[in-house]
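*Asks:* mmCIF, N, CA, C and O atoms, saved as run_25.cif, coming up:
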data_input
loop_
_atom_site.group_PDB
_atom_site.id
_atom_site.type_symbol
_atom_site.label_atom_id
_atom_site.label_comp_id
_atom_site.auth_asym_id
_atom_site.auth_seq_id
_atom_site.Cartn_x
_atom_site.Cartn_y
_atom_site.Cartn_z
ATOM 1 N N MET A 1 0.379 -31.681 5.542
ATOM 2 C CA MET A 1 0.360 -31.964 6.938
ATOM 3 C C MET A 1 0.209 -30.657 7.714
ATOM 4 O O MET A 1 0.912 -29.696 7.449
ATOM 5 N N ALA A 2 -0.690 -30.644 8.610
ATOM 6 C CA ALA A 2 -0.921 -29.434 9.399
ATOM 7 C C ALA A 2 0.115 -29.323 10.503
ATOM 8 O O ALA A 2 0.543 -30.315 11.083
ATOM 9 N N ARG A 3 0.496 -28.086 10.784
ATOM 10 C CA ARG A 3 1.440 -27.847 11.883
ATOM 11 C C ARG A 3 0.674 -27.722 13.181
ATOM 12 O O ARG A 3 -0.408 -27.146 13.238
ATOM 13 N N ARG A 4 1.238 -28.233 14.196
ATOM 14 C CA ARG A 4 0.630 -28.104 15.518
ATOM 15 C C ARG A 4 0.975 -26.742 16.084
ATOM 16 O O ARG A 4 2.050 -26.198 15.855
ATOM 17 N N GLY A 5 0.064 -26.175 16.820
ATOM 18 C CA GLY A 5 0.338 -24.919 17.497
ATOM 19 C C GLY A 5 1.370 -25.132 18.584
ATOM 20 O O GLY A 5 1.364 -26.133 19.289
ATOM 21 N N ASN A 6 2.273 -24.228 18.711
ATOM 22 C CA ASN A 6 3.335 -24.344 19.708
ATOM 23 C C ASN A 6 3.123 -23.247 20.736
ATOM 24 O O ASN A 6 2.939 -22.090 20.392
ATOM 25 N N ASP A 7 3.140 -23.615 21.990
ATOM 26 C CA ASP A 7 2.932 -22.639 23.050
ATOM 27 C C ASP A 7 4.055 -21.606 23.088
ATOM 28 O O ASP A 7 3.884 -20.520 23.616
ATOM 29 N N GLU A 8 5.211 -21.951 22.517
ATOM 30 C CA GLU A 8 6.339 -21.026 22.532
ATOM 31 C C GLU A 8 6.171 -19.917 21.499
ATOM 32 O O GLU A 8 6.827 -18.890 21.581
ATOM 33 N N ASP A 9 5.312 -20.133 20.497
ATOM 34 C CA ASP A 9 5.051 -19.099 19.496
ATOM 35 C C ASP A 9 4.197 -18.013 20.148
ATOM 36 O O ASP A 9 3.046 -18.230 20.493
ATOM 37 N N SER A 10 4.778 -16.879 20.315
ATOM 38 C CA SER A 10 4.024 -15.802 20.942
ATOM 39 C C SER A 10 4.172 -14.532 20.123
ATOM 40 O O SER A 10 5.120 -14.367 19.371
ATOM 41 N N VAL A 11 3.228 -13.682 20.279
ATOM 42 C CA VAL A 11 3.262 -12.393 19.599
ATOM 43 C C VAL A 11 4.232 -11.489 20.352
ATOM 44 O O VAL A 11 4.199 -11.413 21.581
ATOM 45 N N ILE A 12 5.082 -10.813 19.599
ATOM 46 C CA ILE A 12 6.034 -9.900 20.229
ATOM 47 C C ILE A 12 5.286 -8.646 20.646
ATOM 48 O O ILE A 12 4.663 -7.979 19.828
ATOM 49 N N GLU A 13 5.324 -8.379 21.905
ATOM 50 C CA GLU A 13 4.640 -7.194 22.423
ATOM 51 C C GLU A 13 5.652 -6.092 22.644
ATOM 52 O O GLU A 13 6.781 -6.332 23.024
ATOM 53 N N ARG A 14 5.227 -4.871 22.377
ATOM 54 C CA ARG A 14 6.111 -3.739 22.582
ATOM 55 C C ARG A 14 5.747 -3.043 23.880
ATOM 56 O O ARG A 14 4.635 -3.161 24.379
ATOM 57 N N ALA A 15 6.722 -2.356 24.406
ATOM 58 C CA ALA A 15 6.500 -1.632 25.651
ATOM 59 C C ALA A 15 5.481 -0.521 25.423
ATOM 60 O O ALA A 15 5.272 -0.052 24.306
ATOM 61 N N GLU A 16 4.857 -0.089 26.488
ATOM 62 C CA GLU A 16 3.793 0.889 26.385
ATOM 63 C C GLU A 16 4.258 2.218 25.785
ATOM 64 O O GLU A 16 3.571 2.827 25.001
ATOM 65 N N GLY A 17 5.447 2.675 26.118
ATOM 66 C CA GLY A 17 5.940 3.951 25.621
ATOM 67 C C GLY A 17 6.701 3.843 24.314
ATOM 68 O O GLY A 17 7.088 4.830 23.729
ATOM 69 N N GLU A 18 6.895 2.630 23.814
ATOM 70 C CA GLU A 18 7.665 2.417 22.601
ATOM 71 C C GLU A 18 6.807 2.701 21.368
ATOM 72 O O GLU A 18 5.642 2.346 21.299
ATOM 73 N N ALA A 19 7.392 3.358 20.369
ATOM 74 C CA ALA A 19 6.661 3.733 19.163
ATOM 75 C C ALA A 19 6.503 2.539 18.233
ATOM 76 O O ALA A 19 7.383 1.696 18.130
ATOM 77 N N ALA A 20 5.373 2.491 17.554
ATOM 78 C CA ALA A 20 5.108 1.423 16.592
ATOM 79 C C ALA A 20 5.853 1.708 15.293
ATOM 80 O O ALA A 20 6.121 2.859 14.971
ATOM 81 N N PRO A 21 6.181 0.675 14.549
ATOM 82 C CA PRO A 21 6.842 0.908 13.257
ATOM 83 C C PRO A 21 5.879 1.555 12.264
ATOM 84 O O PRO A 21 4.663 1.479 12.424
ATOM 85 N N ASN A 22 6.448 2.182 11.240
ATOM 86 C CA ASN A 22 5.630 2.841 10.231
ATOM 87 C C ASN A 22 4.942 1.811 9.338
ATOM 88 O O ASN A 22 5.453 0.722 9.129
ATOM 89 N N PRO A 23 3.796 2.199 8.763
ATOM 90 C CA PRO A 23 3.166 1.314 7.781
ATOM 91 C C PRO A 23 4.025 1.209 6.517
ATOM 92 O O PRO A 23 4.910 2.029 6.280
ATOM 93 N N VAL A 24 3.724 0.235 5.696
ATOM 94 C CA VAL A 24 4.517 -0.033 4.500
ATOM 95 C C VAL A 24 4.482 1.143 3.527
ATOM 96 O O VAL A 24 5.466 1.430 2.854
ATOM 97 N N TRP A 25 3.386 1.868 3.442
ATOM 98 C CA TRP A 25 3.234 2.947 2.478
ATOM 99 C C TRP A 25 3.975 4.211 2.876
ATOM 100 O O TRP A 25 4.131 5.127 2.062
ATOM 101 N N PHE A 26 4.453 4.315 4.102
ATOM 102 C CA PHE A 26 5.001 5.571 4.613
ATOM 103 C C PHE A 26 6.254 6.014 3.853
ATOM 104 O O PHE A 26 6.352 7.155 3.411
ATOM 105 N N LYS A 27 7.224 5.114 3.705
ATOM 106 C CA LYS A 27 8.488 5.487 3.060
ATOM 107 C C LYS A 27 8.316 5.835 1.581
ATOM 108 O O LYS A 27 8.878 6.843 1.132
ATOM 109 N N PRO A 28 7.541 5.075 0.792
ATOM 110 C CA PRO A 28 7.360 5.483 -0.608
ATOM 111 C C PRO A 28 6.666 6.839 -0.761
ATOM 112 O O PRO A 28 7.032 7.625 -1.639
ATOM 113 N N ILE A 29 5.697 7.124 0.093
ATOM 114 C CA ILE A 29 5.022 8.420 0.027
ATOM 115 C C ILE A 29 5.983 9.535 0.406
ATOM 116 O O ILE A 29 6.037 10.589 -0.237
ATOM 117 N N MET A 30 6.773 9.326 1.445
ATOM 118 C CA MET A 30 7.748 10.321 1.903
ATOM 119 C C MET A 30 8.737 10.658 0.790
ATOM 120 O O MET A 30 8.950 11.828 0.461
ATOM 121 N N ILE A 31 9.336 9.632 0.210
ATOM 122 C CA ILE A 31 10.313 9.852 -0.859
ATOM 123 C C ILE A 31 9.626 10.423 -2.100
ATOM 124 O O ILE A 31 10.165 11.314 -2.774
ATOM 125 N N GLY A 32 8.429 9.952 -2.383
ATOM 126 C CA GLY A 32 7.673 10.455 -3.533
ATOM 127 C C GLY A 32 7.370 11.934 -3.430
ATOM 128 O O GLY A 32 7.497 12.678 -4.415
ATOM 129 N N LEU A 33 6.972 12.399 -2.259
ATOM 130 C CA LEU A 33 6.685 13.823 -2.083
ATOM 131 C C LEU A 33 7.937 14.674 -2.272
ATOM 132 O O LEU A 33 7.885 15.745 -2.893
ATOM 133 N N MET A 34 9.057 14.201 -1.758
ATOM 134 C CA MET A 34 10.300 14.952 -1.944
ATOM 135 C C MET A 34 10.676 15.024 -3.419
ATOM 136 O O MET A 34 11.097 16.077 -3.915
ATOM 137 N N LEU A 35 10.503 13.921 -4.136
ATOM 138 C CA LEU A 35 10.840 13.913 -5.560
ATOM 139 C C LEU A 35 9.858 14.743 -6.391
ATOM 140 O O LEU A 35 10.266 15.437 -7.324
ATOM 141 N N VAL A 36 8.574 14.688 -6.072
ATOM 142 C CA VAL A 36 7.587 15.487 -6.799
ATOM 143 C C VAL A 36 7.864 16.976 -6.611
ATOM 144 O O VAL A 36 7.782 17.764 -7.567
ATOM 145 N N GLY A 37 8.220 17.369 -5.391
ATOM 146 C CA GLY A 37 8.565 18.770 -5.153
ATOM 147 C C GLY A 37 9.785 19.198 -5.955
ATOM 148 O O GLY A 37 9.808 20.279 -6.546
ATOM 149 N N LEU A 38 10.793 18.334 -6.014
ATOM 150 C CA LEU A 38 11.993 18.633 -6.788
ATOM 151 C C LEU A 38 11.679 18.745 -8.275
ATOM 152 O O LEU A 38 12.112 19.692 -8.948
ATOM 153 N N VAL A 39 10.897 17.804 -8.794
ATOM 154 C CA VAL A 39 10.521 17.840 -10.211
ATOM 155 C C VAL A 39 9.700 19.082 -10.512
ATOM 156 O O VAL A 39 9.864 19.718 -11.566
ATOM 157 N N TRP A 40 8.815 19.469 -9.603
ATOM 158 C CA TRP A 40 7.990 20.667 -9.787
ATOM 159 C C TRP A 40 8.884 21.897 -9.961
ATOM 160 O O TRP A 40 8.676 22.696 -10.866
ATOM 161 N N ILE A 41 9.867 22.025 -9.101
ATOM 162 C CA ILE A 41 10.772 23.172 -9.169
ATOM 163 C C ILE A 41 11.617 23.113 -10.439
ATOM 164 O O ILE A 41 11.833 24.148 -11.104
ATOM 165 N N LEU A 42 12.100 21.934 -10.813
ATOM 166 C CA LEU A 42 12.884 21.798 -12.039
ATOM 167 C C LEU A 42 12.063 22.158 -13.275
ATOM 168 O O LEU A 42 12.548 22.856 -14.173
ATOM 169 N N VAL A 43 10.825 21.692 -13.336
ATOM 170 C CA VAL A 43 9.956 22.029 -14.467
ATOM 171 C C VAL A 43 9.724 23.532 -14.516
ATOM 172 O O VAL A 43 9.729 24.138 -15.597
ATOM 173 N N PHE A 44 9.550 24.153 -13.377
ATOM 174 C CA PHE A 44 9.335 25.601 -13.321
ATOM 175 C C PHE A 44 10.517 26.350 -13.925
ATOM 176 O O PHE A 44 10.342 27.246 -14.752
ATOM 177 N N TYR A 45 11.724 25.984 -13.539
ATOM 178 C CA TYR A 45 12.904 26.676 -14.061
ATOM 179 C C TYR A 45 13.199 26.320 -15.511
ATOM 180 O O TYR A 45 13.553 27.195 -16.312
ATOM 181 N N LEU A 46 13.082 25.054 -15.882
ATOM 182 C CA LEU A 46 13.419 24.642 -17.240
ATOM 183 C C LEU A 46 12.401 25.111 -18.276
ATOM 184 O O LEU A 46 12.714 25.207 -19.458
ATOM 185 N N SER A 47 11.189 25.400 -17.848
ATOM 186 C CA SER A 47 10.157 25.863 -18.777
ATOM 187 C C SER A 47 10.162 27.381 -18.913
ATOM 188 O O SER A 47 9.265 27.945 -19.529
ATOM 189 N N GLY A 48 11.144 28.036 -18.376
ATOM 190 C CA GLY A 48 11.188 29.496 -18.461
ATOM 191 C C GLY A 48 10.185 30.164 -17.555
ATOM 192 O O GLY A 48 9.642 31.221 -17.889
ATOM 193 N N MET A 49 9.904 29.535 -16.429
ATOM 194 C CA MET A 49 8.990 30.053 -15.408
ATOM 195 C C MET A 49 7.546 30.175 -15.910
ATOM 196 O O MET A 49 6.811 31.055 -15.507
ATOM 197 N N GLN A 50 7.141 29.235 -16.790
ATOM 198 C CA GLN A 50 5.773 29.242 -17.315
ATOM 199 C C GLN A 50 4.935 28.089 -16.765
ATOM 200 O O GLN A 50 3.732 28.210 -16.631
ATOM 201 N N PHE A 51 5.556 26.947 -16.537
ATOM 202 C CA PHE A 51 4.839 25.763 -16.083
ATOM 203 C C PHE A 51 5.303 25.390 -14.702
ATOM 204 O O PHE A 51 6.300 25.909 -14.244
ATOM 205 N N PRO A 52 4.741 24.533 -13.944
ATOM 206 C CA PRO A 52 3.640 23.620 -14.186
ATOM 207 C C PRO A 52 2.260 24.281 -14.126
ATOM 208 O O PRO A 52 1.337 23.782 -14.757
ATOM 209 N N ILE A 53 2.077 25.369 -13.421
ATOM 210 C CA ILE A 53 0.785 26.050 -13.420
ATOM 211 C C ILE A 53 1.006 27.455 -13.983
ATOM 212 O O ILE A 53 1.552 28.327 -13.292
ATOM 213 N N PRO A 54 0.599 27.668 -15.225
ATOM 214 C CA PRO A 54 0.777 29.005 -15.783
ATOM 215 C C PRO A 54 -0.122 30.009 -15.058
ATOM 216 O O PRO A 54 -1.216 29.693 -14.623
ATOM 217 N N GLY A 55 0.371 31.205 -14.907
ATOM 218 C CA GLY A 55 -0.459 32.249 -14.318
ATOM 219 C C GLY A 55 -0.178 32.530 -12.855
ATOM 220 O O GLY A 55 -0.592 33.570 -12.350
ATOM 221 N N ILE A 56 0.495 31.621 -12.155
ATOM 222 C CA ILE A 56 0.784 31.924 -10.750
ATOM 223 C C ILE A 56 2.245 32.295 -10.548
ATOM 224 O O ILE A 56 2.666 32.549 -9.418
ATOM 225 N N ALA A 57 2.982 32.321 -11.647
ATOM 226 C CA ALA A 57 4.377 32.797 -11.685
ATOM 227 C C ALA A 57 5.230 32.201 -10.572
ATOM 228 O O ALA A 57 5.396 30.999 -10.485
ATOM 229 N N GLY A 58 5.774 33.053 -9.705
ATOM 230 C CA GLY A 58 6.697 32.627 -8.662
ATOM 231 C C GLY A 58 6.083 31.749 -7.586
ATOM 232 O O GLY A 58 6.813 31.113 -6.826
ATOM 233 N N TRP A 59 4.772 31.705 -7.520
ATOM 234 C CA TRP A 59 4.131 30.851 -6.520
ATOM 235 C C TRP A 59 4.352 29.373 -6.818
ATOM 236 O O TRP A 59 4.163 28.532 -5.943
ATOM 237 N N ASN A 60 4.760 29.065 -8.059
ATOM 238 C CA ASN A 60 5.116 27.679 -8.369
ATOM 239 C C ASN A 60 6.273 27.212 -7.490
ATOM 240 O O ASN A 60 6.343 26.039 -7.125
ATOM 241 N N LEU A 61 7.192 28.113 -7.174
ATOM 242 C CA LEU A 61 8.288 27.763 -6.260
ATOM 243 C C LEU A 61 7.757 27.412 -4.879
ATOM 244 O O LEU A 61 8.213 26.460 -4.250
ATOM 245 N N VAL A 62 6.817 28.186 -4.413
ATOM 246 C CA VAL A 62 6.236 27.942 -3.090
ATOM 247 C C VAL A 62 5.536 26.582 -3.076
ATOM 248 O O VAL A 62 5.679 25.809 -2.114
ATOM 249 N N VAL A 63 4.813 26.278 -4.143
ATOM 250 C CA VAL A 63 4.116 24.992 -4.226
ATOM 251 C C VAL A 63 5.131 23.849 -4.236
ATOM 252 O O VAL A 63 4.990 22.864 -3.495
ATOM 253 N N GLY A 64 6.176 23.967 -5.052
ATOM 254 C CA GLY A 64 7.194 22.917 -5.135
ATOM 255 C C GLY A 64 7.914 22.704 -3.817
ATOM 256 O O GLY A 64 8.095 21.570 -3.366
ATOM 257 N N PHE A 65 8.341 23.805 -3.201
ATOM 258 C CA PHE A 65 9.015 23.677 -1.908
ATOM 259 C C PHE A 65 8.055 23.165 -0.835
ATOM 260 O O PHE A 65 8.458 22.440 0.073
ATOM 261 N N GLY A 66 6.795 23.540 -0.918
ATOM 262 C CA GLY A 66 5.806 23.057 0.054
ATOM 263 C C GLY A 66 5.617 21.555 -0.030
ATOM 264 O O GLY A 66 5.564 20.862 0.993
ATOM 265 N N ILE A 67 5.530 21.030 -1.255
ATOM 266 C CA ILE A 67 5.377 19.586 -1.435
ATOM 267 C C ILE A 67 6.608 18.855 -0.895
ATOM 268 O O ILE A 67 6.494 17.861 -0.169
ATOM 269 N N ALA A 68 7.794 19.362 -1.248
ATOM 270 C CA ALA A 68 9.027 18.731 -0.767
ATOM 271 C C ALA A 68 9.139 18.835 0.748
ATOM 272 O O ALA A 68 9.593 17.901 1.419
ATOM 273 N N PHE A 69 8.708 19.955 1.309
ATOM 274 C CA PHE A 69 8.796 20.169 2.753
ATOM 275 C C PHE A 69 7.913 19.173 3.512
ATOM 276 O O PHE A 69 8.297 18.688 4.580
ATOM 277 N N ILE A 70 6.757 18.861 2.959
ATOM 278 C CA ILE A 70 5.895 17.856 3.593
ATOM 279 C C ILE A 70 6.612 16.508 3.642
ATOM 280 O O ILE A 70 6.572 15.797 4.652
ATOM 281 N N GLY A 71 7.313 16.165 2.554
ATOM 282 C CA GLY A 71 8.100 14.928 2.547
ATOM 283 C C GLY A 71 9.202 14.950 3.589
ATOM 284 O O GLY A 71 9.450 13.967 4.281
ATOM 285 N N PHE A 72 9.881 16.100 3.717
ATOM 286 C CA PHE A 72 10.941 16.201 4.727
ATOM 287 C C PHE A 72 10.364 16.161 6.137
ATOM 288 O O PHE A 72 10.984 15.618 7.050
ATOM 289 N N LEU A 73 9.185 16.708 6.354
ATOM 290 C CA LEU A 73 8.551 16.612 7.669
ATOM 291 C C LEU A 73 8.212 15.167 8.013
ATOM 292 O O LEU A 73 8.275 14.775 9.178
ATOM 293 N N MET A 74 7.873 14.400 7.011
ATOM 294 C CA MET A 74 7.572 12.989 7.255
ATOM 295 C C MET A 74 8.801 12.227 7.731
ATOM 296 O O MET A 74 8.672 11.234 8.439
ATOM 297 N N THR A 75 10.003 12.701 7.364
ATOM 298 C CA THR A 75 11.219 12.000 7.815
ATOM 299 C C THR A 75 11.379 12.075 9.315
ATOM 300 O O THR A 75 12.039 11.213 9.905
ATOM 301 N N THR A 76 10.785 13.069 9.958
ATOM 302 C CA THR A 76 10.908 13.166 11.415
ATOM 303 C C THR A 76 10.079 12.088 12.124
ATOM 304 O O THR A 76 10.325 11.790 13.284
ATOM 305 N N ARG A 77 9.106 11.517 11.434
ATOM 306 C CA ARG A 77 8.257 10.471 12.017
ATOM 307 C C ARG A 77 8.657 9.075 11.568
ATOM 308 O O ARG A 77 8.035 8.089 11.953
ATOM 309 N N TRP A 78 9.683 8.980 10.710
ATOM 310 C CA TRP A 78 10.099 7.685 10.179
ATOM 311 C C TRP A 78 10.817 6.878 11.236
ATOM 312 O O TRP A 78 11.718 7.372 11.902
ATOM 313 N N ARG A 79 10.438 5.636 11.415
ATOM 314 C CA ARG A 79 11.065 4.752 12.400
ATOM 315 C C ARG A 79 11.668 3.566 11.710
ATOM 316 O O ARG A 79 11.213 2.999 10.829
#
Turn this file's structure into structure tokens for me.
*Replies:*
Amino acid sequence: MARRGNDEDSVIERAEGEAAPNPVWFKPIMIGLMLVGLVWILVFYLSGMQFPIPGIAGWNLVVGFGIAFIGFLMTTRWR
């Protein structure tokens, strides 16, 4: 049986200055970046400072913290 359209069913409109909610992918990416940065740093220390990218030595820390920092920056936009 088909439902009849009801005039009371309306789309919820937001105020002009009100921020829209985040897309569904935002939170998993945010948390994922923070975890990838943490794992990167852990691998760097546990491997005796040889991995994840051999040859760049201490710059692996910068890469790991940079990835995690992007995730933390995303938390400022989370609604």
*Asks:* So that I can check the surroundings of segment 18-30 of chain A, please list as a tab-separated table (two decimals) with N, CA, C and O atoms, in the coordinates of the input every protein, DNA and RNA residue that reaches within 7 Å of it, counting all atoms listed in the file and ignoring chain neighbours fewer than 6 positions away.
*Replies:*
chain	number	residue	atom	x	y	z
A	67	ILE	N	5.53	21.03	-1.25
A	67	ILE	CA	5.38	19.59	-1.44
A	67	ILE	C	6.61	18.86	-0.90
A	67	ILE	O	6.49	17.86	-0.17
A	68	ALA	N	7.79	19.36	-1.25
A	68	ALA	CA	9.03	18.73	-0.77
A	68	ALA	C	9.14	18.84	0.75
A	68	ALA	O	9.59	17.90	1.42
A	70	ILE	N	6.76	18.86	2.96
A	70	ILE	CA	5.90	17.86	3.59
A	70	ILE	C	6.61	16.51	3.64
A	70	ILE	O	6.57	15.80	4.65
A	71	GLY	N	7.31	16.16	2.55
A	71	GLY	CA	8.10	14.93	2.55
A	71	GLY	C	9.20	14.95	3.59
A	71	GLY	O	9.45	13.97	4.28
A	72	PHE	N	9.88	16.10	3.72
A	72	PHE	CA	10.94	16.20	4.73
A	72	PHE	C	10.36	16.16	6.14
A	72	PHE	O	10.98	15.62	7.05
A	74	MET	N	7.87	14.40	7.01
A	74	MET	CA	7.57	12.99	7.26
A	74	MET	C	8.80	12.23	7.73
A	74	MET	O	8.67	11.23	8.44
A	75	THR	N	10.00	12.70	7.36
A	75	THR	CA	11.22	12.00	7.82
A	75	THR	C	11.38	12.08	9.32
A	75	THR	O	12.04	11.21	9.90
A	77	ARG	N	9.11	11.52	11.43
A	77	ARG	CA	8.26	10.47	12.02
A	77	ARG	C	8.66	9.07	11.57
A	77	ARG	O	8.04	8.09	11.95
A	78	TRP	N	9.68	8.98	10.71
A	78	TRP	CA	10.10	7.68	10.18
A	78	TRP	C	10.82	6.88	11.24
A	78	TRP	O	11.72	7.37	11.90
A	79	ARG	N	10.44	5.64	11.42
A	79	ARG	CA	11.06	4.75	12.40
A	79	ARG	C	11.67	3.57	11.71
A	79	ARG	O	11.21	3.00	10.83
*Asks:* Determine the nearest neighbour of Leu33 of chain A from the options A:Tyr45, A:Phe69, A:Trp59, A:Phe51, counting all atoms listed in the file.
*Replies:* A:Phe69
*Asks:* Using all atoms listed in the file for the distances, tell me which of A:Thr76, A:Met49, A:Ile31, A:Gly37 is nearest to Val63 of chain A.
*Replies:*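 So, comparing all the options, the nearest one is A:Gly37.
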*Asks:* Which protein, DNA or RNA residues are at most 9 Å from (9.4, 20.5, -6.8) in the file's coordinates when you count only C-alpha atoms, listed as a PyMOL selection string?
*Replies:* chain A and resi 33-44+60-68
*Asks:* Please, what distance in Å, to one decimal, runs between atom O of Leu73 of chain A and atom C of Glu16 of chain A?
*Replies:*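 Interatomic distance here is 21.2 Å.
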*Asks:* By how many Å are atom O of Ile53 of chain A and atom CA of Gly32 of chain A apart?
*Replies:*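 Separation of atom O of Ile53 of chain A and atom CA of Gly32 of chain A: 21.3 Å.
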*Asks:* In chain A, what's helix (DSSP H, G or I) per DSSP? Answer as a count of residues only?
*Replies:* 38
*Asks:* Given 6 Å on each side, where is the centre and what are the edge lengths in Å to one decimal of the axis-aligned box enclosing the listed atoms of segment 24-28 of chain A, as JSON?
*Replies:*
{"center_x": 6.1, "center_y": 3.8, "center_z": 2.0, "size_x": 17.6, "size_y": 19.7, "size_z": 19.3}
